[in-house]
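J.: Coordinates in protein_21.json, JSON, C-alpha atoms, are listed below.
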```json
[["chain", "number", "residue", "atom", "x", "y", "z"],
["A", 1, "MET", "CA", -1.86, 45.56, -68.59],
["A", 2, "THR", "CA", -2.36, 44.43, -72.17],
["A", 3, "GLN", "CA", -0.14, 42.26, -74.30],
["A", 4, "ASP", "CA", 1.25, 45.35, -76.00],
["A", 5, "GLU", "CA", 2.36, 46.84, -72.73],
["A", 6, "TYR", "CA", 3.86, 43.58, -71.53],
["A", 7, "ASP", "CA", 7.03, 43.20, -73.48],
["A", 8, "ARG", "CA", 7.87, 39.56, -72.85],
["A", 9, "GLU", "CA", 7.03, 36.59, -74.99],
["A", 10, "ARG", "CA", 3.49, 35.53, -75.68],
["A", 11, "THR", "CA", 3.86, 32.41, -73.57],
["A", 12, "GLN", "CA", 4.74, 34.38, -70.48],
["A", 13, "PHE", "CA", 1.77, 36.69, -70.99],
["A", 14, "ASP", "CA", -0.61, 33.79, -71.47],
["A", 15, "ARG", "CA", 0.59, 32.16, -68.31],
["A", 16, "LEU", "CA", 0.10, 35.29, -66.25],
["A", 17, "ASP", "CA", -3.26, 36.08, -67.82],
["A", 18, "ARG", "CA", -4.97, 33.37, -65.85],
["A", 19, "SER", "CA", -8.44, 34.68, -66.39],
["A", 20, "GLY", "CA", -7.77, 34.52, -70.12],
["A", 21, "ASP", "CA", -9.36, 37.87, -70.89],
["A", 22, "GLY", "CA", -6.35, 39.26, -72.72],
["A", 23, "VAL", "CA", -5.39, 41.61, -69.94],
["A", 24, "ILE", "CA", -3.21, 41.04, -66.90],
["A", 25, "THR", "CA", -4.76, 42.50, -63.81],
["A", 26, "ALA", "CA", -4.22, 42.20, -60.09],
["A", 27, "GLU", "CA", -6.99, 39.62, -60.18],
["A", 28, "ASP", "CA", -4.80, 37.30, -62.22],
["A", 29, "PHE", "CA", -2.07, 37.46, -59.65],
["A", 30, "ALA", "CA", -4.54, 36.83, -56.88],
["A", 31, "ARG", "CA", -5.49, 33.59, -58.60],
["A", 32, "THR", "CA", -2.02, 32.15, -58.25],
["A", 33, "GLY", "CA", -2.66, 30.99, -54.74],
["A", 34, "ARG", "CA", -0.05, 28.35, -55.00],
["A", 35, "GLY", "CA", 2.45, 30.85, -56.34],
["A", 36, "ASN", "CA", 1.84, 33.08, -53.35],
["A", 37, "ARG", "CA", 2.30, 30.18, -50.99],
["A", 38, "MET", "CA", 5.52, 29.25, -52.72],
["A", 39, "GLN", "CA", 6.71, 32.82, -52.46],
["A", 40, "ALA", "CA", 5.94, 32.88, -48.76],
["A", 41, "PHE", "CA", 7.59, 29.53, -48.29],
["A", 42, "ARG", "CA", 10.74, 30.67, -50.05],
["A", 43, "ALA", "CA", 10.81, 33.78, -47.91],
["A", 44, "GLN", "CA", 10.34, 31.71, -44.80],
["A", 45, "ARG", "CA", 13.10, 29.38, -45.79],
["A", 46, "THR", "CA", 15.36, 32.36, -46.39],
["A", 47, "VAL", "CA", 14.52, 33.79, -42.99],
["A", 48, "SER", "CA", 15.12, 30.42, -41.34],
["A", 49, "SER", "CA", 18.47, 30.07, -43.02],
["A", 50, "TYR", "CA", 19.81, 33.56, -42.50],
["A", 51, "PHE", "CA", 18.26, 34.59, -39.22],
["A", 52, "GLN", "CA", 18.95, 31.53, -37.12],
["A", 53, "PHE", "CA", 22.40, 31.16, -35.71],
["A", 54, "ASP", "CA", 21.89, 28.07, -33.60],
["A", 55, "GLU", "CA", 22.15, 25.17, -36.03],
["A", 56, "GLU", "CA", 21.40, 22.44, -33.56],
["A", 57, "ASN", "CA", 18.13, 24.01, -32.63],
["A", 58, "ASP", "CA", 15.13, 22.91, -34.64],
["A", 59, "ARG", "CA", 13.16, 25.90, -33.42],
["A", 60, "LEU", "CA", 13.33, 29.59, -34.15],
["A", 61, "PRO", "CA", 11.71, 31.69, -31.42],
["A", 62, "LEU", "CA", 10.63, 35.22, -32.27],
["A", 63, "ALA", "CA", 13.06, 36.64, -29.73],
["A", 64, "GLU", "CA", 15.94, 34.95, -31.51],
["A", 65, "LEU", "CA", 14.72, 36.23, -34.83],
["A", 66, "GLU", "CA", 14.57, 39.78, -33.50],
["A", 67, "GLU", "CA", 18.06, 39.48, -32.13],
["A", 68, "ALA", "CA", 19.27, 38.20, -35.47],
["A", 69, "PHE", "CA", 17.60, 41.16, -37.15],
["A", 70, "GLY", "CA", 19.58, 43.44, -34.88],
["A", 71, "ARG", "CA", 22.81, 41.86, -36.06],
["A", 72, "TYR", "CA", 22.00, 42.67, -39.65],
["A", 73, "ASP", "CA", 20.77, 46.17, -38.91],
["A", 74, "ALA", "CA", 24.14, 47.86, -38.90],
["A", 75, "ASP", "CA", 22.90, 51.42, -38.48],
["A", 76, "GLY", "CA", 20.23, 50.50, -35.96],
["A", 77, "ASP", "CA", 17.36, 52.17, -37.77],
["A", 78, "ALA", "CA", 15.14, 49.08, -37.51],
["A", 79, "VAL", "CA", 15.28, 48.64, -41.27],
["A", 80, "ILE", "CA", 17.56, 46.31, -43.21],
["A", 81, "ASP", "CA", 18.46, 47.12, -46.77],
["A", 82, "ARG", "CA", 20.17, 44.90, -49.29],
["A", 83, "GLY", "CA", 23.57, 46.31, -48.48],
["A", 84, "GLU", "CA", 23.30, 45.60, -44.75],
["A", 85, "PHE", "CA", 21.96, 42.14, -45.41],
["A", 86, "GLU", "CA", 24.64, 41.15, -47.90],
["A", 87, "LEU", "CA", 27.43, 42.57, -45.83],
["A", 88, "ALA", "CA", 26.41, 40.77, -42.68],
["A", 89, "ALA", "CA", 25.43, 37.59, -44.54],
["A", 90, "GLU", "CA", 28.79, 37.44, -46.23],
["A", 91, "GLU", "CA", 30.65, 37.98, -43.00],
["A", 92, "ARG", "CA", 28.65, 35.32, -41.29],
["A", 93, "CYS", "CA", 28.28, 32.85, -44.13],
["A", 94, "VAL", "CA", 30.90, 30.46, -42.96],
["A", 95, "ALA", "CA", 29.17, 30.22, -39.61],
["A", 96, "LEU", "CA", 25.69, 29.89, -41.07],
["A", 97, "PRO", "CA", 25.12, 26.25, -42.00],
["A", 98, "GLY", "CA", 21.56, 27.04, -42.92],
["A", 99, "ALA", "CA", 22.66, 29.64, -45.42],
["A", 100, "GLU", "CA", 25.15, 27.28, -47.01],
["A", 101, "ARG", "CA", 22.58, 24.57, -47.30],
["A", 102, "MET", "CA", 20.10, 27.01, -48.70],
["A", 103, "ARG", "CA", 22.51, 28.17, -51.37],
["A", 104, "SER", "CA", 23.09, 24.59, -52.36],
["A", 105, "MET", "CA", 19.35, 23.99, -52.61],
["A", 106, "MET", "CA", 18.22, 27.25, -54.14],
["A", 107, "GLY", "CA", 20.95, 27.58, -56.73],
["A", 108, "ASP", "CA", 21.53, 31.14, -57.82],
["A", 109, "ALA", "CA", 18.27, 32.53, -56.49],
["A", 110, "ASP", "CA", 19.18, 35.74, -54.72],
["A", 111, "PRO", "CA", 18.41, 35.40, -51.00],
["A", 112, "TRP", "CA", 17.57, 39.06, -50.62],
["A", 113, "ASP", "CA", 15.06, 38.91, -53.48],
["A", 114, "LEU", "CA", 13.45, 35.82, -52.01],
["A", 115, "LEU", "CA", 13.28, 37.48, -48.63],
["A", 116, "ILE", "CA", 11.79, 40.74, -49.85],
["A", 117, "ALA", "CA", 9.29, 39.06, -52.18],
["A", 118, "GLY", "CA", 7.59, 37.43, -49.23],
["A", 119, "THR", "CA", 7.92, 40.09, -46.55],
["A", 120, "ASP", "CA", 7.96, 43.59, -48.03],
["A", 121, "GLU", "CA", 4.55, 44.92, -47.07],
["A", 122, "ASP", "CA", 5.11, 48.58, -47.90],
["A", 123, "GLY", "CA", 6.97, 47.81, -51.10],
["A", 124, "ASP", "CA", 10.00, 49.93, -50.33],
["A", 125, "GLY", "CA", 12.38, 47.11, -51.11],
["A", 126, "ARG", "CA", 13.71, 47.06, -47.58],
["A", 127, "LEU", "CA", 12.95, 44.85, -44.63],
["A", 128, "ALA", "CA", 11.62, 46.65, -41.61],
["A", 129, "ALA", "CA", 11.68, 44.96, -38.23],
["A", 130, "ALA", "CA", 7.92, 45.31, -38.09],
["A", 131, "GLU", "CA", 7.55, 43.58, -41.46],
["A", 132, "LEU", "CA", 9.72, 40.68, -40.37],
["A", 133, "VAL", "CA", 7.81, 40.29, -37.12],
["A", 134, "SER", "CA", 4.53, 40.45, -38.98],
["A", 135, "PHE", "CA", 5.74, 37.80, -41.39],
["A", 136, "PHE", "CA", 6.91, 35.62, -38.53],
["A", 137, "LYS", "CA", 3.56, 35.82, -36.81],
["A", 138, "ALA", "CA", 1.64, 35.11, -39.99],
["A", 139, "ARG", "CA", 3.62, 31.90, -40.45],
["A", 140, "ASP", "CA", 3.50, 30.93, -36.79],
["A", 141, "GLU", "CA", 0.40, 28.83, -37.10],
["A", 142, "ASP", "CA", -0.04, 27.73, -33.54],
["A", 143, "GLY", "CA", 0.79, 31.19, -32.29],
["A", 144, "ASP", "CA", 3.32, 30.09, -29.72],
["A", 145, "GLY", "CA", 5.95, 32.56, -30.88],
["A", 146, "ILE", "CA", 8.14, 29.81, -32.28],
["A", 147, "TRP", "CA", 8.74, 28.43, -35.75],
["A", 148, "ALA", "CA", 9.17, 24.72, -35.31],
["A", 149, "ILE", "CA", 8.99, 21.56, -37.35],
["A", 150, "ARG", "CA", 5.77, 20.55, -35.71],
["A", 151, "ASP", "CA", 3.75, 23.69, -36.28],
["A", 152, "PRO", "CA", 0.42, 22.43, -37.55],
["A", 153, "SER", "CA", -0.75, 24.20, -40.66],
["A", 154, "ALA", "CA", -3.93, 26.18, -40.57],
["A", 155, "GLY", "CA", -6.68, 25.31, -42.99],
["A", 156, "ARG", "CA", -5.69, 26.18, -46.51],
["A", 157, "ARG", "CA", -7.82, 25.84, -49.57],
["A", 158, "GLY", "CA", -6.90, 23.39, -52.28],
["A", 159, "ARG", "CA", -3.92, 21.17, -52.11],
["A", 160, "ARG", "CA", -1.35, 22.79, -50.37],
["A", 161, "ARG", "CA", 1.85, 23.17, -48.92],
["A", 162, "SER", "CA", 2.52, 25.04, -45.75],
["A", 163, "GLY", "CA", 5.67, 26.62, -44.43],
["A", 164, "ALA", "CA", 9.10, 25.20, -44.09],
["A", 165, "GLY", "CA", 9.12, 21.96, -42.24],
["A", 166, "THR", "CA", 5.37, 21.73, -41.61],
["A", 167, "ALA", "CA", 2.73, 19.24, -42.66],
["A", 168, "ARG", "CA", -0.84, 19.81, -43.74],
["A", 169, "PRO", "CA", -3.53, 18.99, -41.23],
["A", 170, "GLY", "CA", -4.12, 15.26, -41.26],
["A", 171, "GLU", "CA", -0.91, 14.70, -43.18],
["A", 172, "PRO", "CA", 1.58, 12.52, -41.38],
["A", 173, "GLU", "CA", 4.60, 14.26, -40.00],
["A", 174, "THR", "CA", 6.83, 11.58, -41.46],
["A", 175, "GLY", "CA", 6.82, 9.44, -44.53],
["A", 176, "PRO", "CA", 7.70, 5.74, -44.45],
["A", 177, "VAL", "CA", 9.86, 5.02, -41.43],
["A", 178, "THR", "CA", 12.91, 2.83, -41.04],
["A", 179, "GLY", "CA", 12.04, -0.84, -41.44],
["A", 180, "SER", "CA", 8.90, -0.31, -43.48],
["A", 181, "MET", "CA", 8.68, -1.10, -47.17],
["A", 182, "ALA", "CA", 9.65, 1.81, -49.38],
["A", 183, "PRO", "CA", 6.61, 2.80, -51.45],
["A", 184, "ASP", "CA", 7.36, 1.82, -55.02],
["A", 185, "PHE", "CA", 7.02, 4.34, -57.82],
["A", 186, "THR", "CA", 7.65, 4.86, -61.52],
["A", 187, "LEU", "CA", 8.59, 8.32, -62.69],
["A", 188, "MET", "CA", 10.09, 10.14, -65.66],
["A", 189, "ALA", "CA", 13.56, 11.61, -65.79],
["A", 190, "PRO", "CA", 14.00, 15.32, -66.59],
["A", 191, "HIS", "CA", 15.33, 14.49, -70.04],
["A", 192, "GLY", "CA", 12.53, 12.06, -70.79],
["A", 193, "GLY", "CA", 13.37, 8.57, -71.96],
["A", 194, "MET", "CA", 12.23, 5.39, -70.29],
["A", 195, "PRO", "CA", 10.41, 5.72, -66.97],
["A", 196, "VAL", "CA", 12.35, 4.57, -63.92],
["A", 197, "THR", "CA", 10.89, 2.26, -61.27],
["A", 198, "LEU", "CA", 12.37, 2.25, -57.79],
["A", 199, "SER", "CA", 12.00, -1.48, -57.20],
["A", 200, "SER", "CA", 13.97, -2.35, -60.30],
["A", 201, "PHE", "CA", 16.60, 0.35, -59.96],
["A", 202, "GLN", "CA", 20.06, -0.76, -58.82],
["A", 203, "LYS", "CA", 18.80, -3.88, -57.15],
["A", 204, "ASN", "CA", 22.12, -4.81, -55.58],
["A", 205, "LYS", "CA", 22.81, -1.47, -53.98],
["A", 206, "PRO", "CA", 21.05, 0.74, -51.48],
["A", 207, "VAL", "CA", 19.34, 3.72, -53.10],
["A", 208, "ALA", "CA", 19.38, 7.19, -51.62],
["A", 209, "LEU", "CA", 16.26, 9.28, -52.27],
["A", 210, "ILE", "CA", 16.86, 13.01, -52.06],
["A", 211, "PHE", "CA", 13.66, 14.98, -52.43],
["A", 212, "GLY", "CA", 13.79, 18.65, -53.24],
["A", 213, "SER", "CA", 11.97, 21.45, -54.96],
["A", 214, "TYR", "CA", 13.32, 24.11, -57.28],
["A", 215, "THR", "CA", 10.24, 26.30, -57.44],
["B", 216, "MET", "CA", 17.30, 36.94, -61.34],
["B", 217, "PRO", "CA", 15.44, 33.79, -62.13],
["B", 218, "ILE", "CA", 12.75, 32.97, -59.61],
["B", 219, "VAL", "CA", 11.23, 30.02, -61.35],
["B", 220, "GLU", "CA", 7.51, 30.04, -61.94],
["B", 221, "ASP", "CA", 5.47, 27.01, -60.92],
["B", 222, "PRO", "CA", 5.25, 24.55, -63.77],
["B", 223, "ILE", "CA", 1.77, 23.65, -64.91],
["B", 224, "SER", "CA", 2.51, 20.48, -66.85],
["B", 225, "LEU", "CA", 4.83, 17.52, -66.59],
["B", 226, "SER", "CA", 6.95, 18.69, -69.49],
["B", 227, "GLU", "CA", 7.32, 22.10, -67.85],
["B", 228, "ARG", "CA", 8.25, 20.41, -64.62],
["B", 229, "GLN", "CA", 10.84, 18.37, -66.49],
["B", 230, "GLN", "CA", 12.23, 21.58, -67.95],
["B", 231, "VAL", "CA", 12.53, 23.13, -64.51],
["B", 232, "ALA", "CA", 14.22, 19.97, -63.29],
["B", 233, "ARG", "CA", 16.76, 20.15, -66.10],
["B", 234, "VAL", "CA", 17.55, 23.73, -65.13],
["B", 235, "CYS", "CA", 17.85, 22.66, -61.50],
["B", 236, "MET", "CA", 20.23, 19.83, -62.29],
["B", 237, "THR", "CA", 22.43, 22.15, -64.29],
["B", 238, "LYS", "CA", 22.36, 25.13, -61.97],
["B", 239, "LEU", "CA", 23.06, 23.07, -58.87],
["B", 240, "ALA", "CA", 25.66, 20.97, -60.71],
["B", 241, "LEU", "CA", 23.87, 17.77, -59.77],
["B", 242, "GLU", "CA", 24.51, 15.91, -62.99],
["B", 243, "PRO", "CA", 25.17, 12.98, -63.45],
["B", 244, "MET", "CA", 23.13, 12.10, -60.36],
["B", 245, "PRO", "CA", 20.01, 10.30, -61.62],
["B", 246, "ALA", "CA", 16.96, 12.50, -61.22],
["B", 247, "LEU", "CA", 13.26, 11.88, -61.54],
["B", 248, "VAL", "CA", 10.31, 14.22, -61.74],
["B", 249, "ASP", "CA", 7.12, 13.63, -59.78],
["B", 250, "ASP", "CA", 3.83, 13.45, -61.60],
["B", 251, "MET", "CA", 1.54, 16.47, -61.48],
["B", 252, "ASP", "CA", -0.49, 14.85, -58.71],
["B", 253, "ASP", "CA", 2.67, 14.87, -56.58],
["B", 254, "THR", "CA", 2.03, 11.19, -55.87],
["B", 255, "VAL", "CA", 5.52, 10.25, -54.74],
["B", 256, "ASN", "CA", 5.98, 13.48, -52.83],
["B", 257, "ASP", "CA", 2.86, 12.65, -50.82],
["B", 258, "ALA", "CA", 3.84, 9.01, -50.31],
["B", 259, "TYR", "CA", 7.15, 10.11, -48.84],
["B", 260, "ALA", "CA", 5.94, 13.28, -47.08],
["B", 261, "ALA", "CA", 8.81, 14.83, -48.95],
["B", 262, "TRP", "CA", 8.03, 18.50, -49.38],
["B", 263, "PRO", "CA", 9.98, 20.76, -49.23],
["B", 264, "ASP", "CA", 12.91, 18.42, -48.90],
["B", 265, "ARG", "CA", 13.78, 15.17, -47.24],
["B", 266, "MET", "CA", 16.12, 12.24, -47.67],
["B", 267, "TYR", "CA", 15.72, 8.49, -47.39],
["B", 268, "LEU", "CA", 17.92, 5.47, -47.88],
["B", 269, "VAL", "CA", 16.29, 2.37, -49.31],
["B", 270, "GLY", "CA", 18.08, -0.87, -48.53],
["B", 271, "THR", "CA", 18.68, -3.67, -50.99],
["B", 272, "ASP", "CA", 15.73, -5.53, -49.46],
["B", 273, "GLY", "CA", 13.41, -2.67, -50.41],
["B", 274, "THR", "CA", 12.84, -1.45, -46.89],
["B", 275, "ILE", "CA", 13.65, 1.99, -45.56],
["B", 276, "ALA", "CA", 17.13, 1.93, -44.04],
["B", 277, "TYR", "CA", 17.07, 5.61, -43.08],
["B", 278, "HIS", "CA", 14.35, 8.22, -43.01],
["B", 279, "GLY", "CA", 15.40, 11.82, -42.65],
["B", 280, "GLY", "CA", 13.61, 14.74, -41.12],
["B", 281, "ARG", "CA", 11.64, 17.28, -43.08],
["B", 282, "GLY", "CA", 13.70, 20.17, -44.42],
["B", 283, "PRO", "CA", 15.07, 22.67, -43.87],
["B", 284, "PHE", "CA", 15.70, 21.97, -40.19],
["B", 285, "GLY", "CA", 15.59, 18.22, -40.55],
["B", 286, "PHE", "CA", 17.58, 17.96, -43.76],
["B", 287, "LYS", "CA", 20.92, 16.58, -42.59],
["B", 288, "PRO", "CA", 23.26, 15.12, -45.18],
["B", 289, "GLU", "CA", 25.61, 13.86, -42.48],
["B", 290, "GLU", "CA", 22.88, 11.51, -41.27],
["B", 291, "LEU", "CA", 22.37, 10.10, -44.75],
["B", 292, "ASN", "CA", 26.11, 9.73, -45.12],
["B", 293, "ALA", "CA", 26.29, 7.72, -41.89],
["B", 294, "ALA", "CA", 23.34, 5.57, -42.96],
["B", 295, "ILE", "CA", 24.98, 4.80, -46.30],
["B", 296, "ARG", "CA", 28.17, 3.79, -44.60],
["B", 297, "THR", "CA", 26.26, 1.54, -42.24],
["B", 298, "GLU", "CA", 24.32, -0.02, -45.07],
["B", 299, "LEU", "CA", 27.52, -0.72, -46.98],
["B", 300, "ASN", "CA", 29.29, -1.94, -43.83],
["B", 301, "LEU", "CA", 31.92, 0.73, -44.04],
["B", 302, "GLY", "CA", 33.59, 2.05, -40.93],
["B", 303, "GLY", "CA", 34.44, 5.57, -39.84],
["B", 304, "ASP", "CA", 32.48, 8.71, -40.54],
["B", 305, "GLY", "CA", 33.50, 8.96, -44.16],
["B", 306, "LEU", "CA", 34.11, 12.67, -43.87],
["B", 307, "SER", "CA", 37.86, 12.59, -44.25],
["B", 308, "ALA", "CA", 38.00, 10.59, -47.45],
["B", 309, "ARG", "CA", 35.83, 11.79, -50.35]]
```
As structure tokens, what does this structure read like?

T.:
Amino acid sequence: MTQDEYDRERTQFDRLDRSGDGVITAEDFARTGRGNRMQAFRAQRTVSSYFQFDEENDRLPLAELEEAFGRYDADGDAVIDRGEFELAAEERCVALPGAERMRSMMGDADPWDLLIAGTDEDGDGRLAAAELVSFFKARDEDGDGIWAIRDPSAGRRGRRRSGAGTARPGEPETGPVTGSMAPDFTLMAPHGGMPVTLSSFQKNKPVALIFGSYT
Amino acid sequence: MPIVEDPISLSERQQVARVCMTKLALEPMPALVDDMDDTVNDAYAAWPDRMYLVGTDGTIAYHGGRGPFGFKPEELNAAIRTELNLGGDGLSAR
């Protein structure tokens, strides 16, 4: 695809044309390894939020996922389309703490789009049971049939992040624990201005740190 | 539908953060943006999301689990109340 065929702004084109040869090809998309991992992570987070009905459980076994799929698949054809998903999700939303939390974290990102982007192997815009199972297994790094917080991540190139709630190999499962000194830091605010240092911020009050990601 | 692309510079990351703060109605909560080496994220094992409470003595008063399963605002709420010596669960009065 050349710049002429791509009708967005120049900046968007330049960002996608990672090889810088003036043409966007599949090769350019393949280079965005981190983007792909983010896409898979978002899809996994969406699955975790919408296909797990037991909030107290920090694990999602494949069997539970398949059962959840069945609840969405209104016509029983082993394929979920947007309509089935949204209908069932809306009906169940009050009872789905994960979904509520996800909406609050993901803003207006459409859950169905996030789901499909990471799972739709045949590109038909629908989620087949086989595609969901395949996605589950691909993200089930220790192969025990369960998504859990402690799934070790398989070797990935470069610096990167693994699925929801997992750490890289060698990376500690937790950050600083209760009682230890909070690592100090100095960072910029979104609007710019003076950098902010934790140790000199609100010295007379406890400080809550809420880490999140919007991409 | 805006799936946000990964920022490739600090200023881009700041721009994404501004969008996030607006879209999720988080203002006027103070927000900060990690450097492009993700230094603070790594120090706090924060990704994809996690919460902490830092006490006035600079030590960790509460460390939360890794999201999404471990991300539990009610735990942070309880920790804040403990740290401020408030009673009750705080859920009835907002």

J.: Taking (11.7, 6.5, -38.6) in the file's own coordinates, collect the residues within 8 Å, counting all atoms listed in the file, and hand them back as JSON, numbers by chain.

T.: {"A": [174, 176, 177, 178, 179], "B": [277, 278, 279]}

J.: Check the smallest atom-to-atom distance from each of B:Trp262, B:Leu299, B:Ala276, B:Asp249 to A:Thr186 using only C-alpha atoms, then report the winner.

T.: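 Closest to A:Thr186, using only C-alpha atoms: B:Asp249.
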
J.: Using all atoms listed in the file, what table do you get, as CSV, when you list each residue of chain B with an atom no more than 6 Å from chain A, its nearest pair of atoms, and their distance in Å rounded to one decimal, rows by chain then rising number?

T.:
```
residue,atom,partner,partner_atom,distance
B:Val219,CA,A:Thr215,CA,5.5
B:Asp221,CA,A:Thr215,CA,5.9
B:Gln229,CA,A:Pro190,CA,4.4
B:Ala232,CA,A:Pro190,CA,5.7
B:Arg233,CA,A:Pro190,CA,5.6
B:Lys238,CA,A:Gly107,CA,6.0
B:Leu239,CA,A:Gly107,CA,5.4
B:Ala246,CA,A:Ala189,CA,5.8
B:Leu247,CA,A:Ala189,CA,4.3
B:Val248,CA,A:Met188,CA,5.7
B:Tyr259,CA,A:Gly175,CA,4.4
B:Ala260,CA,A:Gly175,CA,4.7
B:Ala261,CA,A:Phe211,CA,6.0
B:Pro263,CA,A:Gly212,CA,5.9
B:Asp264,CA,A:Gly212,CA,4.4
B:Arg265,CA,A:Phe211,CA,5.2
B:Met266,CA,A:Ile210,CA,4.5
B:Tyr267,CA,A:Leu209,CA,5.0
B:Leu268,CA,A:Ala208,CA,4.4
B:Val269,CA,A:Val207,CA,5.0
B:Gly270,CA,A:Pro206,CA,4.5
B:Thr271,CA,A:Pro206,CA,5.0
B:Gly273,CA,A:Ala182,CA,5.9
B:Thr274,CA,A:Met181,CA,4.2
B:Ile275,CA,A:Thr178,CA,4.7
B:Ala276,CA,A:Thr178,CA,5.3
B:Tyr277,CA,A:Thr178,CA,5.4
B:His278,CA,A:Val177,CA,5.7
B:Arg281,CA,A:Gly165,CA,5.4
B:Gly282,CA,A:Gly165,CA,5.4
B:Phe284,CA,A:Asp58,CA,5.7
```

J.: To one decimal place, how far is atom CA of A:Phe85 from atom CA of B:Gly285 in Å?

T.: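 So the answer is 25.2 Å.
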
J.: In Å, rounded to a single decimal, give me how far atom CA of A:Leu62 is from atom CA of A:Ala128.

T.: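 Pair atom CA of A:Ala128 / atom CA of A:Leu62 returns 14.8 Å.
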
J.: Atom CA of A:Tyr50 and atom CA of A:Glu131 are how many Å apart?

T.: 15.9 Å

J.: Check the smallest atom-to-atom distance from each of B:Pro243, B:Val234, B:Pro283, B:Asp257 to A:Gln44 using only C-alpha atoms, then report the winner.

T.: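 Of B:Pro243, B:Val234, B:Pro283, B:Asp257, the one nearest A:Gln44 is B:Pro283, counting only C-alpha atoms.
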
J.: Could the centre and edge lengths of an axis-aligned box, enclosing all atoms of stretch 42-50 of chain A in the file with 5 Å extra on each side, be given in Å to one decimal as AutoDock Vina command-line options?

T.:
```
--center_x 15.1 --center_y 31.6 --center_z -45.7 --size_x 19.5 --size_y 14.4 --size_z 18.7
```
